[in-house]
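> What follows is final.tsv, TSV, C-alpha atoms.
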```tsv
chain	number	residue	atom	x	y	z
A	1	MET	CA	108.26	95.30	102.08
A	2	PRO	CA	107.89	92.42	99.62
A	3	ALA	CA	110.65	92.10	97.05
A	4	ASP	CA	109.80	92.97	93.45
A	5	ARG	CA	111.08	89.64	92.17
A	6	PRO	CA	108.13	87.42	91.20
A	7	LEU	CA	107.98	83.92	92.68
A	8	LEU	CA	105.09	82.95	90.42
A	9	SER	CA	103.99	84.44	87.09
A	10	CYS	CA	101.03	83.81	84.81
A	11	ARG	CA	101.39	84.68	81.14
A	12	GLN	CA	98.27	84.72	78.92
A	13	VAL	CA	96.62	81.94	80.91
A	14	TRP	CA	93.30	80.58	79.63
A	15	LYS	CA	91.06	77.87	81.01
A	16	ILE	CA	88.29	76.81	78.66
A	17	PHE	CA	85.56	74.41	79.79
A	18	GLY	CA	83.83	72.37	77.11
A	19	ALA	CA	84.63	69.75	74.50
A	20	GLY	CA	87.45	70.60	72.12
A	21	GLY	CA	88.72	73.59	74.08
A	22	GLY	CA	92.37	73.02	73.14
A	23	LYS	CA	91.67	72.81	69.41
A	24	PHE	CA	89.35	75.81	69.64
A	25	MET	CA	92.15	77.90	71.19
A	26	ALA	CA	94.59	76.87	68.46
A	27	ASP	CA	92.04	77.61	65.72
A	28	HIS	CA	91.58	81.11	67.09
A	29	GLN	CA	95.29	81.88	67.61
A	30	ASN	CA	94.76	81.64	71.39
A	31	THR	CA	92.86	84.95	71.46
A	32	PRO	CA	89.15	84.08	71.06
A	33	SER	CA	86.48	86.69	71.58
A	34	ASP	CA	83.52	86.33	73.92
A	35	ALA	CA	81.24	85.93	70.91
A	36	GLN	CA	83.39	83.12	69.48
A	37	LEU	CA	83.36	81.30	72.83
A	38	ARG	CA	79.58	81.55	73.07
A	39	LEU	CA	79.10	80.40	69.48
A	40	ALA	CA	81.24	77.32	70.18
A	41	GLY	CA	79.32	76.55	73.37
A	42	LEU	CA	82.46	76.95	75.49
A	43	ILE	CA	83.05	78.74	78.79
A	44	GLY	CA	86.09	80.95	79.28
A	45	ALA	CA	86.50	80.44	83.03
A	46	VAL	CA	89.94	82.13	82.95
A	47	ARG	CA	90.64	84.51	80.09
A	48	ASP	CA	94.08	85.80	79.10
A	49	VAL	CA	95.39	86.31	82.64
A	50	THR	CA	98.85	87.82	83.04
A	51	LEU	CA	100.16	88.65	86.51
A	52	ASP	CA	103.15	88.35	88.85
A	53	VAL	CA	103.10	87.26	92.49
A	54	ARG	CA	106.10	88.79	94.23
A	55	GLN	CA	108.29	87.09	96.78
A	56	GLY	CA	106.89	87.58	100.29
A	57	GLU	CA	103.65	89.37	99.42
A	58	ILE	CA	100.02	88.63	100.14
A	59	PHE	CA	98.45	88.71	96.68
A	60	VAL	CA	94.66	88.68	96.94
A	61	ILE	CA	92.50	87.59	94.01
A	62	MET	CA	88.91	88.65	94.40
A	63	GLY	CA	85.67	88.80	92.49
A	64	LEU	CA	82.06	87.77	92.67
A	65	SER	CA	80.98	84.13	92.58
A	66	GLY	CA	81.68	82.76	89.10
A	67	SER	CA	84.33	85.37	88.27
A	68	GLY	CA	87.03	82.71	87.82
A	69	LYS	CA	89.17	83.32	90.89
A	70	SER	CA	89.10	79.74	92.23
A	71	THR	CA	89.65	78.31	88.76
A	72	LEU	CA	92.67	80.58	88.35
A	73	VAL	CA	94.29	79.48	91.62
A	74	ARG	CA	93.72	75.83	90.67
A	75	CYS	CA	95.50	76.50	87.39
A	76	MET	CA	98.37	78.13	89.31
A	77	SER	CA	98.83	74.93	91.32
A	78	ARG	CA	98.02	72.71	88.31
A	79	LEU	CA	95.09	71.11	90.09
A	80	LEU	CA	93.50	72.13	86.79
A	81	ASP	CA	95.43	72.11	83.53
A	82	PRO	CA	95.31	75.49	81.78
A	83	SER	CA	94.04	75.43	78.20
A	84	PHE	CA	96.77	77.85	77.13
A	85	GLY	CA	99.51	80.00	78.61
A	86	GLU	CA	102.50	79.78	80.93
A	87	ILE	CA	102.59	79.45	84.72
A	88	ILE	CA	106.16	80.10	85.81
A	89	PHE	CA	107.08	79.03	89.34
A	90	GLN	CA	110.71	79.44	90.42
A	91	GLY	CA	111.72	79.51	86.76
A	92	GLN	CA	109.78	76.39	85.74
A	93	ASP	CA	106.74	76.41	83.47
A	94	LEU	CA	104.23	74.34	85.42
A	95	ALA	CA	102.04	73.96	82.34
A	96	LYS	CA	104.76	71.70	80.91
A	97	ALA	CA	105.55	69.81	84.13
A	98	SER	CA	104.71	66.11	84.34
A	99	GLU	CA	102.14	64.86	86.85
A	100	ARG	CA	104.94	63.29	88.90
A	101	GLU	CA	106.80	66.60	88.98
A	102	MET	CA	103.63	68.39	90.08
A	103	ILE	CA	103.01	65.89	92.87
A	104	GLU	CA	106.52	66.53	94.20
A	105	LEU	CA	106.09	70.31	93.92
A	106	ARG	CA	102.80	70.18	95.81
A	107	ARG	CA	104.31	67.94	98.48
A	108	HIS	CA	107.40	70.04	99.06
A	109	LYS	CA	106.84	73.61	97.86
A	110	MET	CA	103.11	74.39	97.93
A	111	GLY	CA	100.73	74.76	100.85
A	112	MET	CA	96.97	74.80	100.27
A	113	VAL	CA	94.01	75.74	102.46
A	114	PHE	CA	90.44	75.62	101.15
A	115	GLN	CA	87.05	76.81	102.38
A	116	HIS	CA	86.10	73.30	103.50
A	117	PHE	CA	88.64	72.13	106.02
A	118	ALA	CA	89.04	68.60	104.59
A	119	LEU	CA	90.48	67.25	107.83
A	120	LEU	CA	90.81	63.50	108.19
A	121	PRO	CA	88.13	62.64	110.78
A	122	HIS	CA	89.85	59.49	112.05
A	123	LEU	CA	93.09	61.34	112.86
A	124	THR	CA	93.75	63.60	115.85
A	125	VAL	CA	94.92	67.18	115.51
A	126	LEU	CA	98.50	65.93	115.76
A	127	GLY	CA	97.87	63.24	113.15
A	128	ASN	CA	96.25	65.69	110.72
A	129	VAL	CA	99.07	68.21	110.97
A	130	ALA	CA	101.78	65.54	110.69
A	131	PHE	CA	100.07	63.78	107.76
A	132	PRO	CA	101.87	65.66	104.92
A	133	LEU	CA	105.21	64.84	106.52
A	134	GLU	CA	104.29	61.17	106.82
A	135	VAL	CA	103.49	61.19	103.09
A	136	GLN	CA	107.04	62.45	102.56
A	137	ARG	CA	108.27	59.53	104.73
A	138	VAL	CA	109.69	61.85	107.36
A	139	PRO	CA	110.55	59.79	110.48
A	140	ARG	CA	107.70	59.69	112.98
A	141	ALA	CA	109.55	61.41	115.82
A	142	GLN	CA	110.60	64.25	113.52
A	143	SER	CA	107.15	64.70	111.94
A	144	ASP	CA	105.44	64.72	115.34
A	145	ALA	CA	107.90	67.29	116.68
A	146	ARG	CA	107.31	69.56	113.69
A	147	ALA	CA	103.54	69.10	113.99
A	148	ARG	CA	103.62	70.04	117.68
A	149	GLU	CA	105.54	73.24	116.84
A	150	LEU	CA	102.90	74.23	114.28
A	151	ILE	CA	99.99	73.36	116.57
A	152	GLU	CA	101.51	75.69	119.14
A	153	LEU	CA	102.09	78.34	116.46
A	154	VAL	CA	98.40	78.45	115.49
A	155	GLY	CA	97.26	78.60	119.10
A	156	LEU	CA	96.04	75.02	119.60
A	157	GLY	CA	98.58	73.85	122.14
A	158	GLY	CA	97.01	71.27	124.45
A	159	ARG	CA	94.58	70.01	121.79
A	160	GLU	CA	96.97	67.65	120.02
A	161	ASP	CA	94.87	64.59	120.92
A	162	TYR	CA	91.48	66.07	119.98
A	163	PHE	CA	89.61	64.78	116.94
A	164	PRO	CA	88.16	67.24	114.37
A	165	ARG	CA	84.59	66.63	115.62
A	166	GLU	CA	85.66	67.91	119.03
A	167	LEU	CA	86.80	71.29	117.65
A	168	SER	CA	84.95	74.47	116.68
A	169	GLY	CA	84.95	75.68	113.09
A	170	GLY	CA	87.67	78.21	113.78
A	171	GLN	CA	89.80	75.60	115.52
A	172	GLN	CA	89.36	73.19	112.61
A	173	GLN	CA	90.52	75.89	110.21
A	174	ARG	CA	93.59	76.47	112.38
A	175	VAL	CA	94.39	72.76	112.03
A	176	GLY	CA	94.07	73.11	108.27
A	177	ILE	CA	96.44	76.08	108.31
A	178	ALA	CA	98.96	74.23	110.47
A	179	ARG	CA	98.79	71.19	108.18
A	180	SER	CA	99.40	73.33	105.08
A	181	LEU	CA	102.51	74.81	106.72
A	182	ALA	CA	103.99	71.45	107.73
A	183	VAL	CA	106.03	71.10	104.54
A	184	GLU	CA	107.36	74.70	104.88
A	185	PRO	CA	105.93	75.72	101.49
A	186	ASP	CA	107.53	78.34	99.27
A	187	ILE	CA	104.08	79.49	98.17
A	188	TRP	CA	100.81	79.27	100.08
A	189	PHE	CA	97.43	79.08	98.31
A	190	LEU	CA	94.34	79.93	100.38
A	191	ASP	CA	90.97	79.68	98.62
A	192	GLU	CA	88.28	81.48	100.68
A	193	PRO	CA	89.61	79.83	103.84
A	194	PHE	CA	87.44	81.83	106.25
A	195	SER	CA	84.18	82.23	104.33
A	196	ALA	CA	82.47	79.33	106.12
A	197	LEU	CA	83.08	80.91	109.52
A	198	ASP	CA	80.78	83.28	111.40
A	199	PRO	CA	81.84	86.98	111.34
A	200	LEU	CA	83.47	87.08	114.78
A	201	ILE	CA	85.54	83.94	114.24
A	202	ARG	CA	86.37	85.12	110.73
A	203	ARG	CA	87.80	88.35	112.13
A	204	GLU	CA	89.82	86.37	114.67
A	205	MET	CA	91.18	84.13	111.91
A	206	GLN	CA	92.19	87.17	109.86
A	207	ASP	CA	94.08	88.47	112.90
A	208	GLU	CA	95.72	85.06	113.28
A	209	PHE	CA	96.61	84.96	109.60
A	210	LEU	CA	98.30	88.38	109.78
A	211	ARG	CA	100.17	87.33	112.92
A	212	LEU	CA	101.45	84.21	111.18
A	213	GLN	CA	102.50	86.19	108.12
A	214	ASN	CA	104.46	88.63	110.29
A	215	LEU	CA	106.31	85.64	111.71
A	216	LEU	CA	106.73	83.51	108.58
A	217	HIS	CA	106.88	86.00	105.65
A	218	LYS	CA	105.32	83.57	103.17
A	219	THR	CA	104.42	84.26	99.56
A	220	ILE	CA	100.63	83.97	99.60
A	221	VAL	CA	97.86	83.83	97.02
A	222	PHE	CA	94.61	84.45	98.88
A	223	ILE	CA	91.18	84.10	97.26
A	224	THR	CA	88.13	85.97	98.58
A	225	HIS	CA	84.90	87.57	97.42
A	226	ASP	CA	84.87	89.93	100.43
A	227	PHE	CA	86.43	93.33	99.72
A	228	ASP	CA	86.75	94.19	103.42
A	229	GLU	CA	88.80	91.01	103.88
A	230	ALA	CA	90.87	91.83	100.79
A	231	ILE	CA	91.83	95.33	101.87
A	232	ARG	CA	92.66	94.13	105.38
A	233	LEU	CA	95.02	91.40	104.23
A	234	ALA	CA	96.41	92.35	100.82
A	235	ASP	CA	99.67	93.89	99.74
A	236	ARG	CA	98.10	93.91	96.26
A	237	ILE	CA	94.69	92.98	94.90
A	238	ALA	CA	93.70	91.51	91.53
A	239	ILE	CA	90.01	91.96	90.72
A	240	MET	CA	88.40	89.46	88.33
A	241	ASN	CA	85.24	89.66	86.27
A	242	ASP	CA	84.03	87.02	83.80
A	243	GLY	CA	87.35	85.18	83.94
A	244	ALA	CA	89.55	88.21	83.22
A	245	ILE	CA	91.68	90.43	85.44
A	246	VAL	CA	90.23	93.94	85.33
A	247	GLN	CA	92.66	95.65	87.73
A	248	ILE	CA	95.75	94.90	89.82
A	249	GLY	CA	96.99	97.31	92.46
A	250	THR	CA	97.42	98.08	96.13
A	251	PRO	CA	94.19	98.59	98.10
A	252	GLU	CA	94.82	102.33	97.95
A	253	GLU	CA	95.34	102.31	94.18
A	254	VAL	CA	92.18	100.31	93.57
A	255	ILE	CA	90.11	102.69	95.67
A	256	ILE	CA	91.65	105.97	94.45
A	257	THR	CA	91.81	105.08	90.76
A	258	PRO	CA	89.34	102.27	89.91
A	259	ALA	CA	90.02	101.01	86.40
A	260	SER	CA	86.35	100.58	85.48
A	261	ASP	CA	82.80	101.12	86.66
A	262	TYR	CA	82.82	97.49	87.81
A	263	VAL	CA	85.77	98.13	90.14
A	264	GLY	CA	84.25	101.42	91.27
A	265	GLU	CA	81.05	99.63	92.25
A	266	PHE	CA	83.09	97.04	94.14
A	267	THR	CA	84.83	99.74	96.19
A	268	ARG	CA	81.94	102.20	96.56
A	269	ASP	CA	80.98	101.32	100.14
A	270	VAL	CA	84.47	100.61	101.49
A	271	PRO	CA	85.32	102.87	104.47
A	272	ARG	CA	88.15	104.83	102.87
A	273	ALA	CA	89.58	105.98	106.17
A	274	ARG	CA	90.59	102.38	106.97
A	275	VAL	CA	92.40	101.96	103.66
A	276	LEU	CA	93.89	105.29	102.65
A	277	SER	CA	97.13	106.52	104.15
A	278	ALA	CA	98.15	110.08	104.87
A	279	GLY	CA	100.59	109.89	101.98
A	280	ALA	CA	97.85	108.92	99.53
A	281	VAL	CA	95.66	111.96	100.21
A	282	MET	CA	98.11	114.65	101.34
A	283	THR	CA	98.54	117.95	99.52
A	284	PRO	CA	101.79	119.94	99.06
A	285	SER	CA	103.18	121.40	102.26
A	286	SER	CA	102.56	125.12	102.81
A	287	GLY	CA	104.94	125.75	105.67
A	288	PRO	CA	106.14	124.62	109.10
A	289	HIS	CA	103.95	122.27	111.14
A	290	GLU	CA	103.56	121.86	114.88
A	291	ARG	CA	102.25	118.30	114.49
A	292	VAL	CA	103.32	115.62	112.06
A	293	VAL	CA	102.28	112.07	111.09
A	294	ARG	CA	103.95	109.40	109.03
A	295	ALA	CA	102.93	109.05	105.39
A	296	THR	CA	102.07	105.40	106.05
A	297	SER	CA	99.58	106.21	108.82
A	298	LYS	CA	95.98	105.30	107.98
A	299	ILE	CA	93.49	108.15	108.06
A	300	ALA	CA	91.35	106.28	110.61
A	301	GLU	CA	94.34	106.21	112.98
A	302	ILE	CA	95.02	109.96	112.82
A	303	ALA	CA	91.52	111.31	112.21
A	304	GLU	CA	90.86	112.51	115.74
A	305	MET	CA	94.10	114.49	115.91
A	306	ALA	CA	93.69	115.91	112.40
A	307	VAL	CA	90.08	117.01	112.88
A	308	ALA	CA	90.95	118.66	116.21
A	309	SER	CA	93.88	120.60	114.73
A	310	PRO	CA	93.07	124.13	113.45
A	311	GLU	CA	96.18	124.08	111.26
A	312	PRO	CA	97.25	121.44	108.70
A	313	ILE	CA	99.42	118.67	110.09
A	314	GLY	CA	102.64	117.72	108.37
A	315	VAL	CA	103.23	114.38	106.67
A	316	THR	CA	106.71	112.86	106.83
A	317	ASP	CA	108.52	110.12	104.99
A	318	GLU	CA	110.51	107.31	106.65
A	319	ALA	CA	113.47	109.65	107.13
A	320	GLY	CA	111.31	112.18	108.96
A	321	ASP	CA	111.34	114.77	106.18
A	322	ILE	CA	108.15	116.72	105.42
A	323	VAL	CA	106.62	115.52	102.14
A	324	GLY	CA	103.15	117.08	102.37
A	325	GLU	CA	100.34	118.11	104.69
A	326	LEU	CA	96.81	117.17	105.69
A	327	SER	CA	94.10	119.72	106.40
A	328	ARG	CA	91.08	119.12	108.61
A	329	ASP	CA	88.78	119.47	105.58
A	330	ARG	CA	90.80	116.90	103.63
A	331	VAL	CA	90.49	114.32	106.42
A	332	VAL	CA	86.75	114.99	106.80
A	333	GLU	CA	86.28	114.32	103.06
A	334	VAL	CA	87.89	110.90	103.49
A	335	LEU	CA	85.87	110.16	106.62
A	336	LEU	CA	82.68	110.94	104.70
A	337	ASN	CA	83.79	108.57	101.89
A	338	ARG	CA	84.01	111.38	99.38
A	339	SER	CA	86.53	111.46	96.55
A	340	ALA	CA	90.01	110.51	97.74
A	341	ARG	CA	91.84	112.09	94.81
A	342	PRO	CA	94.21	114.96	95.66
```
For this file, produce the structure as structure tokens.


Amino acid sequence: MPADRPLLSCRQVWKIFGAGGGKFMADHQNTPSDAQLRLAGLIGAVRDVTLDVRQGEIFVIMGLSGSGKSTLVRCMSRLLDPSFGEIIFQGQDLAKASEREMIELRRHKMGMVFQHFALLPHLTVLGNVAFPLEVQRVPRAQSDARARELIELVGLGGREDYFPRELSGGQQQRVGIARSLAVEPDIWFLDEPFSALDPLIRREMQDEFLRLQNLLHKTIVFITHDFDEAIRLADRIAIMNDGAIVQIGTPEEVIITPASDYVGEFTRDVPRARVLSAGAVMTPSSGPHERVVRATSKIAEIAEMAVASPEPIGVTDEAGDIVGELSRDRVVEVLLNRSARP
């Protein structure tokens, strides 16, 4: 489980686009209303965002196109300067860091992968992956050895001498992932990295991403507009609308207790059985049970057994103690995407 200690925190972060945005924020005590922004002809691309990204978690930021998610992640990495607020990374407020300090942080502590692969066409796979290390003036033999390790890690062993034009889209994205890991970043920013891929390759890349995370245990900020992708990858999800965060929670929390009609509409068609665990939908135990499942088991994984059982099945915690039960009717409700509330 990810530790509760945040690696990165945003405190009242705003990004205003338009002339005089900084003065406008100061004139309105850094809390302007939507009406005041419109009257001034300014756009609040990120509005009063406060959140924590915990050590070792996959924190997914999602929303529709134009919701502000990509702008927010660029503020987190200071590729864009926030108009107001604090961005605390390892105890340092990045909003106050110099450009030189930010260059060093990006070179040594931050990995970035974007929707467009941005590979250098004149370099081979090995050259692309080793490039960040060469920028750091790592000796050639050492940078090549590290690059070869990462190429093997992402499943491209044997293609070190290929050029980007000789690779498929999924393979190019694997090169981009390997390159972003070359500097062994403390935090990894991925902005819709798979959205340009066809559905089958996208699914394969999600599998690859989860495999890598199980090996590397990185702290990850992952941007997507696809809720299926979010619930598959996320430890927690932040949903944005019009530049503001409208809800933060685990996939289960967002589905069971949406904070607004907007979030409810987002989650309406999500197959709940893939997201909800036995522990999230169990009811109090009524007695002994012949069959039991773990509280962390997804309903989709245990549905066949539960539906076939005439009696409720027990739900256990990590220690094996009974903490609740699941009836056949309860599981069928989830399978039919009905209310998941106990």

> Give as a ChimeraX atom specification the set of residues within 7 Å of the point (94.7, 87.3, 93.3), where distances use the file's coordinates and all atoms listed in the file.

/A:59-62,221-223,237-238

> Please measure the separation of CA of Glu104 (chain A) and CA of Leu120 (chain A), giving the value in Å to one decimal.

21.3 Å

> Take CA of Gly314 (chain A) and CA of Leu335 (chain A) and report the distance between them in Å, one decimal.

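Computing it gives 18.5 Å between the two atoms.
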
> Just give me the gap between CA of Arg328 (chain A) and CA of Pro312 (chain A) in Å, one decimal is fine.

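Interatomic distance, CA of Arg328 (chain A) to CA of Pro312 (chain A): 6.6 Å.
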
> Skipping near chain neighbours, those fewer than 2 positions away, what residues fall within 9 Å of region 170-172 of chain A using all atoms listed in the file, listed as a PyMOL selection string?

chain A and resi 117+119+125+155-156+164-165+167-168+174-177+194+197-198+201-202+204-205

> Just to be explicit: take each residue in the selection above, keep C-alpha atoms, and write the result as a PDB file, in the coordinates of the input.


```
ATOM      1  CA  PHE A 117      88.640  72.130 106.020  1.00  0.00           C
ATOM      2  CA  LEU A 119      90.480  67.250 107.830  1.00  0.00           C
ATOM      3  CA  VAL A 125      94.920  67.180 115.510  1.00  0.00           C
ATOM      4  CA  GLY A 155      97.260  78.600 119.100  1.00  0.00           C
ATOM      5  CA  LEU A 156      96.040  75.020 119.600  1.00  0.00           C
ATOM      6  CA  PRO A 164      88.160  67.240 114.370  1.00  0.00           C
ATOM      7  CA  ARG A 165      84.590  66.630 115.620  1.00  0.00           C
ATOM      8  CA  LEU A 167      86.800  71.290 117.650  1.00  0.00           C
ATOM      9  CA  SER A 168      84.950  74.470 116.680  1.00  0.00           C
ATOM     10  CA  ARG A 174      93.590  76.470 112.380  1.00  0.00           C
ATOM     11  CA  VAL A 175      94.390  72.760 112.030  1.00  0.00           C
ATOM     12  CA  GLY A 176      94.070  73.110 108.270  1.00  0.00           C
ATOM     13  CA  ILE A 177      96.440  76.080 108.310  1.00  0.00           C
ATOM     14  CA  PHE A 194      87.440  81.830 106.250  1.00  0.00           C
ATOM     15  CA  LEU A 197      83.080  80.910 109.520  1.00  0.00           C
ATOM     16  CA  ASP A 198      80.780  83.280 111.400  1.00  0.00           C
ATOM     17  CA  ILE A 201      85.540  83.940 114.240  1.00  0.00           C
ATOM     18  CA  ARG A 202      86.370  85.120 110.730  1.00  0.00           C
ATOM     19  CA  GLU A 204      89.820  86.370 114.670  1.00  0.00           C
ATOM     20  CA  MET A 205      91.180  84.130 111.910  1.00  0.00           C
TER      21      MET A 205
END
```

> Centre and edge lengths of an axis-aligned box around all listed atoms of region 37-40 of chain A, with 8 Å added on each side, are to be given in Å to one decimal, as AutoDock Vina command-line options.


```
--center_x 81.2 --center_y 79.4 --center_z 71.3 --size_x 20.3 --size_y 20.2 --size_z 19.6
```

> Can you list, as a ChimeraX atom specification, every protein, DNA or RNA residue that comes within 9 Å of Ala178 (chain A) when you count only C-alpha atoms, leaving out same-chain residues fewer than 3 positions away?

/A:128-129,147,150-151,153-154,173-175,181-182

> Generate the coordinates of N, CA and C atoms for region 270-295 of chain A; report them as a CSV table (one decimal), in the frame of the given file.


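As written to disk, rebuild_21.csv reads:
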```
chain,number,residue,atom,x,y,z
A,270,VAL,N,83.3,100.9,100.6
A,270,VAL,CA,84.5,100.6,101.5
A,270,VAL,C,84.8,101.8,102.3
A,271,PRO,N,84.9,101.7,103.6
A,271,PRO,CA,85.3,102.9,104.5
A,271,PRO,C,86.7,103.3,104.1
A,272,ARG,N,86.8,104.4,103.4
A,272,ARG,CA,88.2,104.8,102.9
A,272,ARG,C,89.2,105.2,104.0
A,273,ALA,N,88.7,105.6,105.1
A,273,ALA,CA,89.6,106.0,106.2
A,273,ALA,C,90.4,104.8,106.7
A,274,ARG,N,89.9,103.6,106.5
A,274,ARG,CA,90.6,102.4,107.0
A,274,ARG,C,91.7,102.0,106.0
A,275,VAL,N,91.5,102.4,104.7
A,275,VAL,CA,92.4,102.0,103.7
A,275,VAL,C,93.4,103.0,103.3
A,276,LEU,N,93.0,104.3,103.2
A,276,LEU,CA,93.9,105.3,102.6
A,276,LEU,C,94.9,105.8,103.7
A,277,SER,N,96.1,106.0,103.3
A,277,SER,CA,97.1,106.5,104.2
A,277,SER,C,97.2,108.0,104.0
A,278,ALA,N,97.9,108.6,104.9
A,278,ALA,CA,98.2,110.1,104.9
A,278,ALA,C,98.9,110.4,103.6
A,279,GLY,N,99.8,109.6,103.2
A,279,GLY,CA,100.6,109.9,102.0
A,279,GLY,C,99.8,109.8,100.7
A,280,ALA,N,98.7,109.1,100.7
A,280,ALA,CA,97.8,108.9,99.5
A,280,ALA,C,97.0,110.1,99.3
A,281,VAL,N,96.6,110.9,100.3
A,281,VAL,CA,95.7,112.0,100.2
A,281,VAL,C,96.2,113.3,100.6
A,282,MET,N,97.5,113.4,100.9
A,282,MET,CA,98.1,114.6,101.3
A,282,MET,C,98.2,115.6,100.2
A,283,THR,N,98.3,116.9,100.5
A,283,THR,CA,98.5,118.0,99.5
A,283,THR,C,99.9,118.6,99.8
A,284,PRO,N,100.5,119.4,98.8
A,284,PRO,CA,101.8,119.9,99.1
A,284,PRO,C,101.9,120.8,100.3
A,285,SER,N,103.0,120.7,101.0
A,285,SER,CA,103.2,121.4,102.3
A,285,SER,C,103.2,122.9,102.0
A,286,SER,N,102.6,123.7,102.9
A,286,SER,CA,102.6,125.1,102.8
A,286,SER,C,103.4,125.8,103.8
A,287,GLY,N,104.1,125.1,104.7
A,287,GLY,CA,104.9,125.8,105.7
A,287,GLY,C,105.3,124.9,106.9
A,288,PRO,N,105.8,125.4,107.9
A,288,PRO,CA,106.1,124.6,109.1
A,288,PRO,C,104.9,124.1,109.8
A,289,HIS,N,105.1,123.0,110.5
A,289,HIS,CA,104.0,122.3,111.1
A,289,HIS,C,104.3,121.9,112.6
A,290,GLU,N,103.4,122.2,113.5
A,290,GLU,CA,103.6,121.9,114.9
A,290,GLU,C,103.4,120.4,115.1
A,291,ARG,N,102.5,119.7,114.3
A,291,ARG,CA,102.2,118.3,114.5
A,291,ARG,C,102.5,117.6,113.2
A,292,VAL,N,103.0,116.4,113.3
A,292,VAL,CA,103.3,115.6,112.1
A,292,VAL,C,102.9,114.2,112.2
A,293,VAL,N,102.6,113.5,111.1
A,293,VAL,CA,102.3,112.1,111.1
A,293,VAL,C,103.1,111.4,110.0
A,294,ARG,N,103.2,110.1,110.1
A,294,ARG,CA,104.0,109.4,109.0
A,294,ARG,C,103.1,109.2,107.8
A,295,ALA,N,103.7,109.2,106.6
A,295,ALA,CA,102.9,109.0,105.4
A,295,ALA,C,102.2,107.7,105.3
```
